[in-house]
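Text of the file run.txt, holding compact mmCIF, C-alpha atoms (C1' of nucleotides):
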# COMPACT_ATOMS: atom_id res chain seq x y z
CA MET A 33 75.88 47.19 122.98
CA VAL A 34 74.61 48.88 119.83
CA THR A 35 75.53 52.30 121.10
CA LYS A 36 72.61 54.62 120.73
CA GLN A 37 73.42 57.44 118.39
CA LEU A 38 72.47 60.42 120.49
CA LEU A 39 75.04 62.90 119.31
CA LYS A 40 74.49 64.78 116.11
CA ASP A 41 76.99 66.30 113.76
CA LEU A 42 79.82 66.10 116.23
CA PRO A 43 83.36 65.16 115.24
CA GLU A 44 83.09 61.78 116.95
CA ASP A 45 80.06 60.97 114.85
CA ALA A 46 81.87 59.01 112.19
CA ASP A 47 83.97 57.10 114.69
CA LEU A 48 80.98 56.10 116.74
CA ARG A 49 79.17 54.89 113.68
CA ARG A 50 82.16 52.88 112.62
CA ALA A 51 82.60 51.29 116.04
CA ASP A 52 78.92 50.46 116.06
CA SER A 53 78.92 48.78 112.68
CA LEU A 54 82.07 46.91 113.63
CA ALA A 55 80.37 45.72 116.81
CA ARG A 56 77.39 44.51 114.80
CA GLU A 57 79.67 42.70 112.42
CA ILE A 58 81.52 40.96 115.23
CA PHE A 59 78.26 40.09 116.92
CA SER A 60 76.98 38.50 113.70
CA ASP A 61 80.22 36.57 113.30
CA VAL A 62 80.19 35.30 116.84
CA ALA A 63 76.47 34.73 117.42
CA ASN A 64 76.23 31.64 115.28
CA LYS A 65 75.93 28.00 116.17
CA TRP A 66 79.21 26.65 114.81
CA ALA A 67 81.41 29.45 116.08
CA LEU A 68 80.07 29.05 119.59
CA LEU A 69 80.31 25.26 119.50
CA ILE A 70 83.91 25.44 118.29
CA ILE A 71 84.82 27.87 121.06
CA GLU A 72 83.16 25.62 123.59
CA ALA A 73 84.90 22.53 122.22
CA LEU A 74 88.32 24.14 122.34
CA GLY A 75 88.02 25.30 125.91
CA GLU A 76 91.43 25.33 127.52
CA ARG A 77 92.79 22.71 125.17
CA THR A 78 94.88 22.77 122.05
CA LEU A 79 93.34 20.65 119.33
CA ARG A 80 94.26 19.58 115.85
CA PHE A 81 91.89 20.20 112.97
CA SER A 82 90.83 16.55 112.85
CA GLU A 83 90.39 16.35 116.61
CA LEU A 84 88.19 19.43 116.53
CA ARG A 85 86.20 17.84 113.73
CA ASN A 86 85.44 14.90 116.02
CA GLU A 87 84.68 17.07 119.04
CA VAL A 88 82.18 19.33 117.33
CA GLU A 89 79.54 16.83 116.41
CA GLY A 90 77.94 17.29 113.05
CA VAL A 91 80.24 19.97 111.72
CA SER A 92 81.35 19.52 108.14
CA HIS A 93 84.91 19.92 106.98
CA LYS A 94 83.96 23.08 105.17
CA MET A 95 82.08 24.73 108.03
CA LEU A 96 84.92 23.97 110.40
CA THR A 97 87.51 25.51 108.10
CA GLN A 98 85.34 28.51 107.40
CA ASN A 99 84.58 29.24 111.02
CA LEU A 100 88.15 28.64 112.14
CA ARG A 101 89.35 31.17 109.57
CA MET A 102 86.79 33.67 110.80
CA LEU A 103 87.71 33.10 114.44
CA GLU A 104 91.38 33.37 113.59
CA ARG A 105 90.81 36.59 111.68
CA ASN A 106 89.01 38.09 114.64
CA GLY A 107 91.79 37.03 116.97
CA LEU A 108 89.73 34.52 118.95
CA VAL A 109 91.75 31.45 118.08
CA ASP A 110 95.43 30.98 117.51
CA ARG A 111 96.43 28.81 114.55
CA LYS A 112 99.77 27.06 114.65
CA ALA A 113 100.84 25.11 111.57
CA HIS A 114 103.70 22.65 111.98
CA PRO A 115 105.72 22.26 108.77
CA THR A 116 105.79 18.48 109.04
CA VAL A 117 104.56 15.81 106.73
CA PRO A 118 101.80 14.99 107.12
CA PRO A 119 100.78 18.52 108.11
CA ARG A 120 99.78 19.20 111.69
CA VAL A 121 97.76 22.28 112.53
CA GLU A 122 96.81 23.14 116.08
CA TYR A 123 94.17 25.53 117.31
CA THR A 124 93.99 27.23 120.70
CA LEU A 125 91.76 29.92 122.13
CA THR A 126 93.41 33.30 122.61
CA ASP A 127 92.70 35.31 125.76
CA PRO A 128 89.75 37.14 124.19
CA GLY A 129 88.55 33.77 122.94
CA ARG A 130 88.68 32.34 126.42
CA ALA A 131 86.85 35.39 127.73
CA LEU A 132 84.05 34.81 125.25
CA ARG A 133 83.94 31.18 126.25
CA THR A 134 82.62 32.13 129.67
CA ALA A 135 79.59 33.57 127.89
CA VAL A 136 79.16 30.38 125.90
CA ASP A 137 79.38 28.42 129.14
CA VAL A 138 76.53 30.50 130.51
CA ILE A 139 74.38 29.71 127.48
CA CYS A 140 75.19 26.01 127.73
CA GLY A 141 74.40 25.98 131.42
CA TRP A 142 71.20 27.86 130.76
CA THR A 143 70.19 25.31 128.12
CA GLN A 144 70.68 22.38 130.48
CA GLN A 145 68.93 24.14 133.31
CA HIS A 146 65.83 25.03 131.34
CA LEU A 147 65.40 21.91 129.25
CA GLY A 148 62.35 20.94 131.24
CA HIS A 149 60.71 24.34 131.12
CA ILE A 150 61.30 24.61 127.40
CA GLU A 151 60.00 21.15 126.66
CA SER A 152 56.74 21.82 128.46
CA ALA A 153 56.45 25.28 126.93
CA ARG A 154 56.71 23.63 123.53
CA GLY A 155 54.08 21.13 124.46
CA ARG A 156 51.72 23.94 125.41
CA PHE A 157 52.49 26.00 122.32
CA ASP A 158 52.13 23.13 119.87
CA ALA A 159 48.72 22.35 121.28
CA MET B 135 76.73 20.68 127.45
CA VAL B 136 76.50 18.07 124.71
CA THR B 137 76.57 15.22 127.19
CA LYS B 138 79.13 12.67 126.18
CA GLN B 139 77.52 9.35 125.44
CA LEU B 140 79.55 7.09 127.67
CA LEU B 141 76.89 4.61 128.66
CA LYS B 142 76.00 1.80 126.37
CA ASP B 143 72.81 -0.18 126.12
CA LEU B 144 71.48 1.02 129.43
CA PRO B 145 67.83 1.92 130.03
CA GLU B 146 68.65 5.64 130.32
CA ASP B 147 70.28 5.52 126.92
CA ALA B 148 67.26 6.68 124.96
CA ASP B 149 66.41 9.43 127.42
CA LEU B 150 69.93 10.80 127.41
CA ARG B 151 70.00 10.84 123.65
CA ARG B 152 66.70 12.65 123.55
CA ALA B 153 67.77 15.27 126.09
CA ASP B 154 70.96 15.76 124.13
CA SER B 155 69.26 16.27 120.81
CA LEU B 156 66.76 18.60 122.46
CA ALA B 157 69.63 20.60 123.92
CA ARG B 158 71.25 20.85 120.49
CA GLU B 159 67.99 21.99 118.99
CA ILE B 160 67.52 24.68 121.60
CA PHE B 161 71.11 25.77 121.24
CA SER B 162 70.63 26.16 117.50
CA ASP B 163 67.43 28.10 118.02
CA VAL B 164 68.97 30.45 120.51
CA ALA B 165 72.48 30.86 119.12
CA ASN B 166 71.46 33.08 116.25
CA LYS B 167 71.83 36.76 115.67
CA TRP B 168 68.20 37.87 115.61
CA ALA B 169 67.05 35.81 118.57
CA LEU B 170 69.83 37.22 120.73
CA LEU B 171 69.25 40.79 119.54
CA ILE B 172 65.54 40.50 120.25
CA ILE B 173 66.18 39.20 123.74
CA GLU B 174 68.63 42.00 124.35
CA ALA B 175 66.21 44.61 123.01
CA LEU B 176 63.38 43.41 125.19
CA GLY B 177 65.38 43.44 128.39
CA GLU B 178 63.09 44.23 131.29
CA ARG B 179 60.61 46.04 129.12
CA THR B 180 57.33 45.14 127.52
CA LEU B 181 57.28 46.13 123.88
CA ARG B 182 54.79 46.05 121.08
CA PHE B 183 55.61 44.36 117.79
CA SER B 184 56.20 47.65 116.03
CA GLU B 185 58.31 49.03 118.86
CA LEU B 186 60.45 45.93 118.77
CA ARG B 187 60.80 46.35 115.05
CA ASN B 188 62.27 49.80 115.67
CA GLU B 189 64.51 48.70 118.51
CA VAL B 190 66.12 45.80 116.67
CA GLU B 191 67.86 47.65 113.90
CA GLY B 192 67.79 46.00 110.52
CA VAL B 193 65.35 43.22 111.34
CA SER B 194 62.70 42.56 108.73
CA HIS B 195 59.04 42.11 109.52
CA LYS B 196 59.31 38.46 108.62
CA MET B 197 62.41 37.68 110.68
CA LEU B 198 60.91 39.40 113.69
CA THR B 199 57.67 37.43 113.47
CA GLN B 200 59.51 34.19 112.87
CA ASN B 201 61.91 34.62 115.77
CA LEU B 202 59.21 35.84 118.13
CA ARG B 203 57.18 32.71 117.38
CA MET B 204 60.21 30.56 118.04
CA LEU B 205 61.02 32.35 121.27
CA GLU B 206 57.40 32.12 122.35
CA ARG B 207 57.32 28.42 121.54
CA ASN B 208 60.39 27.82 123.65
CA GLY B 209 58.90 29.80 126.51
CA LEU B 210 61.41 32.65 126.40
CA VAL B 211 58.97 35.42 125.60
CA ASP B 212 55.43 35.97 126.67
CA ARG B 213 53.01 37.13 123.97
CA LYS B 214 49.96 39.10 125.02
CA ALA B 215 47.44 40.02 122.33
CA HIS B 216 44.88 42.72 123.18
CA PRO B 217 41.61 42.22 121.32
CA THR B 218 41.37 45.89 120.38
CA VAL B 219 41.18 47.56 117.03
CA PRO B 220 43.74 48.22 115.82
CA PRO B 221 45.38 45.14 117.30
CA ARG B 222 47.95 45.56 120.02
CA VAL B 223 50.36 42.77 120.83
CA GLU B 224 52.91 43.02 123.58
CA TYR B 225 56.01 40.94 124.16
CA THR B 226 57.85 40.42 127.43
CA LEU B 227 60.71 38.17 128.46
CA THR B 228 59.73 35.28 130.72
CA ASP B 229 61.98 34.34 133.65
CA PRO B 230 64.01 31.87 131.60
CA GLY B 231 64.22 34.54 128.90
CA ARG B 232 65.59 37.03 131.39
CA ALA B 233 68.06 34.43 132.62
CA LEU B 234 69.35 33.95 129.12
CA ARG B 235 69.62 37.69 128.71
CA THR B 236 72.43 37.80 131.24
CA ALA B 237 74.40 35.60 128.84
CA VAL B 238 73.61 37.94 125.97
CA ASP B 239 74.76 40.83 128.11
CA VAL B 240 78.08 39.09 128.62
CA ILE B 241 78.51 38.69 124.87
CA CYS B 242 77.61 42.33 124.27
CA GLY B 243 80.02 43.48 126.94
CA TRP B 244 82.69 41.23 125.52
CA THR B 245 82.16 42.68 122.06
CA GLN B 246 82.57 46.25 123.28
CA GLN B 247 85.58 45.38 125.38
CA HIS B 248 87.48 43.62 122.63
CA LEU B 249 86.66 45.88 119.68
CA GLY B 250 90.21 47.16 119.62
CA HIS B 251 91.85 43.78 119.84
CA ILE B 252 89.64 42.39 117.13
CA GLU B 253 90.17 45.31 114.80
CA SER B 254 93.94 45.00 115.03
CA ALA B 255 93.76 41.21 114.72
CA ARG B 256 91.84 41.68 111.50
CA GLY B 257 94.41 44.15 110.25
CA ARG B 258 97.15 41.63 110.87
CA PHE B 259 95.22 38.75 109.32
CA ASP B 260 94.19 40.62 106.20
CA ALA B 261 97.80 41.57 105.55
C1' DC C 192 96.34 15.73 107.23
C1' DA C 193 94.79 20.18 106.29
C1' DG C 194 93.01 23.23 102.99
C1' DC C 195 91.06 25.16 98.83
C1' DA C 196 87.96 25.16 94.78
C1' DT C 197 83.91 23.73 92.43
C1' DC C 198 79.33 22.43 91.90
C1' DC C 199 74.54 22.50 93.09
C1' DA C 200 70.43 21.33 96.04
C1' DC C 201 68.29 23.55 99.54
C1' DC C 202 66.80 27.08 102.44
C1' DT C 203 66.93 31.58 104.20
C1' DC C 204 65.40 36.04 103.89
C1' DG C 205 63.43 40.32 101.93
C1' DA C 206 59.69 42.22 99.22
C1' DT C 207 55.10 42.31 98.29
C1' DA C 208 50.35 41.61 98.71
C1' DC C 209 46.38 40.41 101.33
C1' DT C 210 43.38 39.42 105.89
C1' DG C 211 41.19 40.41 110.46
C1' DC D 223 48.63 47.25 113.66
C1' DA D 224 49.82 42.49 113.63
C1' DG D 225 50.05 38.47 111.10
C1' DT D 226 50.15 35.10 107.17
C1' DA D 227 51.21 33.59 102.44
C1' DT D 228 53.78 33.63 98.40
C1' DC D 229 57.63 34.12 95.39
C1' DG D 230 62.17 34.65 93.72
C1' DA D 231 67.18 36.04 94.21
C1' DG D 232 70.99 35.00 96.74
C1' DG D 233 73.35 32.81 100.18
C1' DT D 234 74.51 28.45 102.83
C1' DG D 235 76.42 24.31 103.32
C1' DG D 236 77.38 19.37 101.91
C1' DA D 237 79.85 16.43 98.64
C1' DT D 238 83.60 15.70 95.88
C1' DG D 239 88.05 16.05 93.91
C1' DC D 240 92.63 18.05 93.83
C1' DT D 241 97.08 20.09 96.04
C1' DG D 242 101.22 20.36 99.14

As structure tokens, the full file:
Amino acid sequence: MVTKQLLKDLPEDADLRRADSLAREIFSDVANKWALLIIEALGERTLRFSELRNEVEGVSHKMLTQNLRMLERNGLVDRKAHPTVPPRVEYTLTDPGRALRTAVDVICGWTQQHLGHIESARGRFDA
Amino acid sequence: MVTKQLLKDLPEDADLRRADSLAREIFSDVANKWALLIIEALGERTLRFSELRNEVEGVSHKMLTQNLRMLERNGLVDRKAHPTVPPRVEYTLTDPGRALRTAVDVICGWTQQHLGHIESARGRFDA
DNA sequence: CAGCATCCACCTCGATACTG
DNA sequence: CAGTATCGAGGTGGATGCTG
């Protein structure tokens, strides 16, 4: 990513710049702890707000709302509000959301796999 | 990841909890904008501090130092200081670092691929 | 139950200045 | 050049209370 700006003063210039800054923005949105944990928690399931709150350990009400809004805005999760009382709101990953989840899975797998290496690296560094 | 705590009062209990909290810690370290951008910028190359500063657009001196220390501590980058004057310090991804980079690549690819979808999703949401 | 608004303690981050 | 320390503005995120 982060398309190198090699062209100069060409018509596409502005468009490329815009696409690049958009990409950076999306990357910043998505490359954060809570967003990734929410995506991972959702997986293939459809979860209510309160269920999600329980699944994503340690997330506050506020952070969950905030990140869900952001993910919804970027078209990564689908929000379905049922007009019942009490309210019932369900969240599901969209196709792009599911696609991104594979990347999150890789990170999670990587974390598990290298726990040992990291722990010993820390031991060495802290000494 | 985030191993479900299903066992109760067993000997392994403590160990599992520790591994889990360690995993969370690492995930938090790694799932942040600058760390991922630094890993992506390094790639297969060996770069000096100042080169890295140029490659990772928008990173401040402080953030770069801070994240490099963290990555070094976790054994993701290798730091090699040459005792010359002026100083010359080179950074390279370790094997685990390179492994994680494949995940970053997936995220970057995903970002590029879904730019259009995301932009239109935003348009819809903001309306 | 889900969501929004408010308040505020804390911490992140950039700027700056200084060392080896 | 690389790194550390300091400081201050601004952002982050938790707690709380209120709405439909």

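Within 9 Å of segment 225-242 of chain D, once all atoms listed in the file are used and residues closer than 3 positions along the same chain are dropped, the contacting residues are Ser92, Lys94 and Met95 of chain A; Thr199 of chain B; DG194, DC195, DA196, DT197, DC198, DC201, DC202, DT203, DT207, DA208, DC209 and DT210 of chain C.
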
At most 7 Å is the cut-off: for each residue in segment 64-117 of chain A with any atom that close to an atom of segment 121-142 of chain A, write down the nearest atom pair and the distance in Å rounded to one decimal, counting all atoms listed in the file, chain first then increasing number, as a Markdown table.
| residue | atom | partner | partner_atom | distance |
| --- | --- | --- | --- | --- |
| A:Leu68 | CA | A:Val136 | CA | 6.5 |
| A:Ile71 | CA | A:Arg133 | CA | 6.2 |
| A:Glu72 | CA | A:Arg133 | CA | 6.2 |
| A:Leu74 | CA | A:Thr124 | CA | 6.7 |
| A:Arg77 | CA | A:Thr124 | CA | 6.5 |
| A:Thr78 | CA | A:Thr124 | CA | 4.7 |
| A:Leu79 | CA | A:Tyr123 | CA | 5.3 |
| A:Arg80 | CA | A:Glu122 | CA | 4.4 |
| A:Phe81 | CA | A:Val121 | CA | 6.2 |
| A:Gly107 | CA | A:Thr126 | CA | 7.0 |
| A:Leu108 | CA | A:Gly129 | CA | 4.2 |
| A:Val109 | CA | A:Leu125 | CA | 4.3 |
| A:Asp110 | CA | A:Thr124 | CA | 5.1 |
| A:Arg111 | CA | A:Tyr123 | CA | 4.8 |
| A:Lys112 | CA | A:Glu122 | CA | 5.1 |
| A:Ala113 | CA | A:Val121 | CA | 4.3 |
| A:His114 | CA | A:Val121 | CA | 6.0 |

Using all C-alpha atoms paired in order, least-squares fit chain A onto chain B and give me the moved copy as a PDB file with C-alpha atoms, keeping the file's coordinate frame.
ATOM      1  CA  MET A  33      76.557  20.814 127.357  1.00  0.00           C
ATOM      2  CA  VAL A  34      76.370  18.113 124.699  1.00  0.00           C
ATOM      3  CA  THR A  35      76.417  15.361 127.264  1.00  0.00           C
ATOM      4  CA  LYS A  36      79.017  12.820 126.353  1.00  0.00           C
ATOM      5  CA  GLN A  37      77.454   9.475 125.683  1.00  0.00           C
ATOM      6  CA  LEU A  38      79.501   7.254 127.936  1.00  0.00           C
ATOM      7  CA  LEU A  39      76.886   4.739 128.929  1.00  0.00           C
ATOM      8  CA  LYS A  40      76.054   1.900 126.622  1.00  0.00           C
ATOM      9  CA  ASP A  41      72.887  -0.087 126.307  1.00  0.00           C
ATOM     10  CA  LEU A  42      71.502   1.113 129.592  1.00  0.00           C
ATOM     11  CA  PRO A  43      67.840   1.966 130.099  1.00  0.00           C
ATOM     12  CA  GLU A  44      68.591   5.682 130.317  1.00  0.00           C
ATOM     13  CA  ASP A  45      70.240   5.538 126.925  1.00  0.00           C
ATOM     14  CA  ALA A  46      67.259   6.684 124.928  1.00  0.00           C
ATOM     15  CA  ASP A  47      66.395   9.451 127.358  1.00  0.00           C
ATOM     16  CA  LEU A  48      69.901  10.813 127.365  1.00  0.00           C
ATOM     17  CA  ARG A  49      69.998  10.837 123.610  1.00  0.00           C
ATOM     18  CA  ARG A  50      66.703  12.634 123.467  1.00  0.00           C
ATOM     19  CA  ALA A  51      67.757  15.261 125.998  1.00  0.00           C
ATOM     20  CA  ASP A  52      70.954  15.760 124.058  1.00  0.00           C
ATOM     21  CA  SER A  53      69.265  16.269 120.721  1.00  0.00           C
ATOM     22  CA  LEU A  54      66.764  18.588 122.362  1.00  0.00           C
ATOM     23  CA  ALA A  55      69.632  20.591 123.838  1.00  0.00           C
ATOM     24  CA  ARG A  56      71.246  20.857 120.416  1.00  0.00           C
ATOM     25  CA  GLU A  57      67.990  21.989 118.915  1.00  0.00           C
ATOM     26  CA  ILE A  58      67.504  24.674 121.542  1.00  0.00           C
ATOM     27  CA  PHE A  59      71.093  25.777 121.167  1.00  0.00           C
ATOM     28  CA  SER A  60      70.617  26.151 117.403  1.00  0.00           C
ATOM     29  CA  ASP A  61      67.411  28.102 117.946  1.00  0.00           C
ATOM     30  CA  VAL A  62      68.961  30.428 120.463  1.00  0.00           C
ATOM     31  CA  ALA A  63      72.472  30.857 119.052  1.00  0.00           C
ATOM     32  CA  ASN A  64      71.451  33.074 116.184  1.00  0.00           C
ATOM     33  CA  LYS A  65      71.831  36.772 115.625  1.00  0.00           C
ATOM     34  CA  TRP A  66      68.195  37.874 115.576  1.00  0.00           C
ATOM     35  CA  ALA A  67      67.060  35.808 118.532  1.00  0.00           C
ATOM     36  CA  LEU A  68      69.825  37.199 120.698  1.00  0.00           C
ATOM     37  CA  LEU A  69      69.265  40.769 119.528  1.00  0.00           C
ATOM     38  CA  ILE A  70      65.539  40.498 120.237  1.00  0.00           C
ATOM     39  CA  ILE A  71      66.203  39.158 123.725  1.00  0.00           C
ATOM     40  CA  GLU A  72      68.652  41.958 124.343  1.00  0.00           C
ATOM     41  CA  ALA A  73      66.233  44.577 123.024  1.00  0.00           C
ATOM     42  CA  LEU A  74      63.394  43.366 125.208  1.00  0.00           C
ATOM     43  CA  GLY A  75      65.393  43.384 128.399  1.00  0.00           C
ATOM     44  CA  GLU A  76      63.119  44.139 131.311  1.00  0.00           C
ATOM     45  CA  ARG A  77      60.624  45.972 129.154  1.00  0.00           C
ATOM     46  CA  THR A  78      57.347  45.086 127.548  1.00  0.00           C
ATOM     47  CA  LEU A  79      57.288  46.100 123.910  1.00  0.00           C
ATOM     48  CA  ARG A  80      54.789  46.074 121.107  1.00  0.00           C
ATOM     49  CA  PHE A  81      55.612  44.383 117.827  1.00  0.00           C
ATOM     50  CA  SER A  82      56.199  47.708 116.079  1.00  0.00           C
ATOM     51  CA  GLU A  83      58.300  49.061 118.930  1.00  0.00           C
ATOM     52  CA  LEU A  84      60.458  45.952 118.832  1.00  0.00           C
ATOM     53  CA  ARG A  85      60.803  46.404 115.090  1.00  0.00           C
ATOM     54  CA  ASN A  86      62.289  49.850 115.703  1.00  0.00           C
ATOM     55  CA  GLU A  87      64.525  48.703 118.548  1.00  0.00           C
ATOM     56  CA  VAL A  88      66.133  45.826 116.701  1.00  0.00           C
ATOM     57  CA  GLU A  89      67.843  47.685 113.928  1.00  0.00           C
ATOM     58  CA  GLY A  90      67.752  46.053 110.554  1.00  0.00           C
ATOM     59  CA  VAL A  91      65.324  43.279 111.362  1.00  0.00           C
ATOM     60  CA  SER A  92      62.661  42.651 108.761  1.00  0.00           C
ATOM     61  CA  HIS A  93      59.011  42.185 109.563  1.00  0.00           C
ATOM     62  CA  LYS A  94      59.276  38.548 108.632  1.00  0.00           C
ATOM     63  CA  MET A  95      62.386  37.753 110.664  1.00  0.00           C
ATOM     64  CA  LEU A  96      60.902  39.451 113.692  1.00  0.00           C
ATOM     65  CA  THR A  97      57.679  37.468 113.466  1.00  0.00           C
ATOM     66  CA  GLN A  98      59.519  34.240 112.843  1.00  0.00           C
ATOM     67  CA  ASN A  99      61.914  34.644 115.727  1.00  0.00           C
ATOM     68  CA  LEU A 100      59.222  35.850 118.106  1.00  0.00           C
ATOM     69  CA  ARG A 101      57.185  32.736 117.333  1.00  0.00           C
ATOM     70  CA  MET A 102      60.217  30.565 117.971  1.00  0.00           C
ATOM     71  CA  LEU A 103      61.029  32.336 121.231  1.00  0.00           C
ATOM     72  CA  GLU A 104      57.414  32.100 122.299  1.00  0.00           C
ATOM     73  CA  ARG A 105      57.302  28.405 121.479  1.00  0.00           C
ATOM     74  CA  ASN A 106      60.375  27.790 123.582  1.00  0.00           C
ATOM     75  CA  GLY A 107      58.901  29.754 126.455  1.00  0.00           C
ATOM     76  CA  LEU A 108      61.429  32.592 126.350  1.00  0.00           C
ATOM     77  CA  VAL A 109      58.994  35.375 125.580  1.00  0.00           C
ATOM     78  CA  ASP A 110      55.440  35.928 126.650  1.00  0.00           C
ATOM     79  CA  ARG A 111      53.019  37.113 123.965  1.00  0.00           C
ATOM     80  CA  LYS A 112      49.969  39.062 125.027  1.00  0.00           C
ATOM     81  CA  ALA A 113      47.450  40.007 122.344  1.00  0.00           C
ATOM     82  CA  HIS A 114      44.910  42.687 123.216  1.00  0.00           C
ATOM     83  CA  PRO A 115      41.616  42.192 121.360  1.00  0.00           C
ATOM     84  CA  THR A 116      41.373  45.854 120.412  1.00  0.00           C
ATOM     85  CA  VAL A 117      41.183  47.542 117.082  1.00  0.00           C
ATOM     86  CA  PRO A 118      43.737  48.223 115.875  1.00  0.00           C
ATOM     87  CA  PRO A 119      45.380  45.124 117.351  1.00  0.00           C
ATOM     88  CA  ARG A 120      47.964  45.543 120.075  1.00  0.00           C
ATOM     89  CA  VAL A 121      50.386  42.742 120.823  1.00  0.00           C
ATOM     90  CA  GLU A 122      52.927  42.986 123.603  1.00  0.00           C
ATOM     91  CA  TYR A 123      56.021  40.912 124.170  1.00  0.00           C
ATOM     92  CA  THR A 124      57.875  40.373 127.439  1.00  0.00           C
ATOM     93  CA  LEU A 125      60.723  38.112 128.456  1.00  0.00           C
ATOM     94  CA  THR A 126      59.757  35.203 130.688  1.00  0.00           C
ATOM     95  CA  ASP A 127      61.995  34.252 133.613  1.00  0.00           C
ATOM     96  CA  PRO A 128      64.031  31.790 131.538  1.00  0.00           C
ATOM     97  CA  GLY A 129      64.246  34.479 128.877  1.00  0.00           C
ATOM     98  CA  ARG A 130      65.614  36.950 131.366  1.00  0.00           C
ATOM     99  CA  ALA A 131      68.081  34.342 132.582  1.00  0.00           C
ATOM    100  CA  LEU A 132      69.371  33.877 129.054  1.00  0.00           C
ATOM    101  CA  ARG A 133      69.634  37.616 128.677  1.00  0.00           C
ATOM    102  CA  THR A 134      72.450  37.705 131.208  1.00  0.00           C
ATOM    103  CA  ALA A 135      74.429  35.537 128.797  1.00  0.00           C
ATOM    104  CA  VAL A 136      73.637  37.882 125.934  1.00  0.00           C
ATOM    105  CA  ASP A 137      74.772  40.783 128.098  1.00  0.00           C
ATOM    106  CA  VAL A 138      78.091  39.030 128.585  1.00  0.00           C
ATOM    107  CA  ILE A 139      78.536  38.640 124.833  1.00  0.00           C
ATOM    108  CA  CYS A 140      77.635  42.279 124.235  1.00  0.00           C
ATOM    109  CA  GLY A 141      80.027  43.421 126.922  1.00  0.00           C
ATOM    110  CA  TRP A 142      82.706  41.181 125.502  1.00  0.00           C
ATOM    111  CA  THR A 143      82.180  42.668 122.037  1.00  0.00           C
ATOM    112  CA  GLN A 144      82.594  46.227 123.286  1.00  0.00           C
ATOM    113  CA  GLN A 145      85.585  45.328 125.388  1.00  0.00           C
ATOM    114  CA  HIS A 146      87.493  43.614 122.613  1.00  0.00           C
ATOM    115  CA  LEU A 147      86.661  45.861 119.689  1.00  0.00           C
ATOM    116  CA  GLY A 148      90.194  47.170 119.628  1.00  0.00           C
ATOM    117  CA  HIS A 149      91.865  43.791 119.857  1.00  0.00           C
ATOM    118  CA  ILE A 150      89.656  42.397 117.130  1.00  0.00           C
ATOM    119  CA  GLU A 151      90.186  45.326 114.817  1.00  0.00           C
ATOM    120  CA  SER A 152      93.951  45.009 115.024  1.00  0.00           C
ATOM    121  CA  ALA A 153      93.784  41.230 114.724  1.00  0.00           C
ATOM    122  CA  ARG A 154      91.859  41.725 111.499  1.00  0.00           C
ATOM    123  CA  GLY A 155      94.410  44.175 110.265  1.00  0.00           C
ATOM    124  CA  ARG A 156      97.161  41.637 110.862  1.00  0.00           C
ATOM    125  CA  PHE A 157      95.227  38.767 109.310  1.00  0.00           C
ATOM    126  CA  ASP A 158      94.188  40.668 106.200  1.00  0.00           C
ATOM    127  CA  ALA A 159      97.788  41.585 105.553  1.00  0.00           C
TER     128      ALA A 159
END

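Taking atom CA of Gln145 of chain A and atom CA of Arg85 of chain A as the two end points, the separation is 26.9 Å.
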
Q) Suppose you want the space between atom CA of Ile150 of chain A and atom C1' of DA224 of chain D; what is it in Å? A)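 These atoms are spaced 25.3 Å apart.
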
Q. What is the distance between atom CA of Ile172 of chain B and atom CA of Val190 of chain B, in Å to one decimal?
A.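 Pair atom CA of Ile172 of chain B / atom CA of Val190 of chain B returns 6.4 Å.
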
Q: For chain B, report every residue with an atom at most 7 Å from chain D (counting all atoms listed in the file), formatted as a list of chain:residue names.
A: B:Pro220, B:Pro221, B:Arg222

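Residue neighbourhood of Lys167 of chain B, excluding near-sequence residues (fewer than 2 positions): Ser60, Ala63 and Asn64 of chain A; Ala165, Ala169, Leu170 and Leu171 of chain B, at 7 Å, using all atoms listed in the file.
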
Can you write out the residues you just picked, keeping C-alpha atoms, as a PDB file, in the coordinates of the input?
ATOM      1  CA  SER A  60      76.980  38.500 113.700  1.00  0.00           C
ATOM      2  CA  ALA A  63      76.470  34.730 117.420  1.00  0.00           C
ATOM      3  CA  ASN A  64      76.230  31.640 115.280  1.00  0.00           C
TER       4      ASN A  64
ATOM      5  CA  ALA B 165      72.480  30.860 119.120  1.00  0.00           C
ATOM      6  CA  ALA B 169      67.050  35.810 118.570  1.00  0.00           C
ATOM      7  CA  LEU B 170      69.830  37.220 120.730  1.00  0.00           C
ATOM      8  CA  LEU B 171      69.250  40.790 119.540  1.00  0.00           C
TER       9      LEU B 171
END

(Q) For Arg154 of chain A, find every residue with an atom within 12 Å (counting all atoms listed in the file), except residues of its own chain fewer than 5 positions away, and show them as a PyMOL selection string. (A) (chain A and resi 147-149+159) or (chain B and resi 156+160+203-210)

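Each of B:Gly177, B:Glu253, B:Arg258, B:Trp168 was checked against Val193 of chain B using all atoms listed in the file; the smallest atom-to-atom distance is that of B:Trp168.
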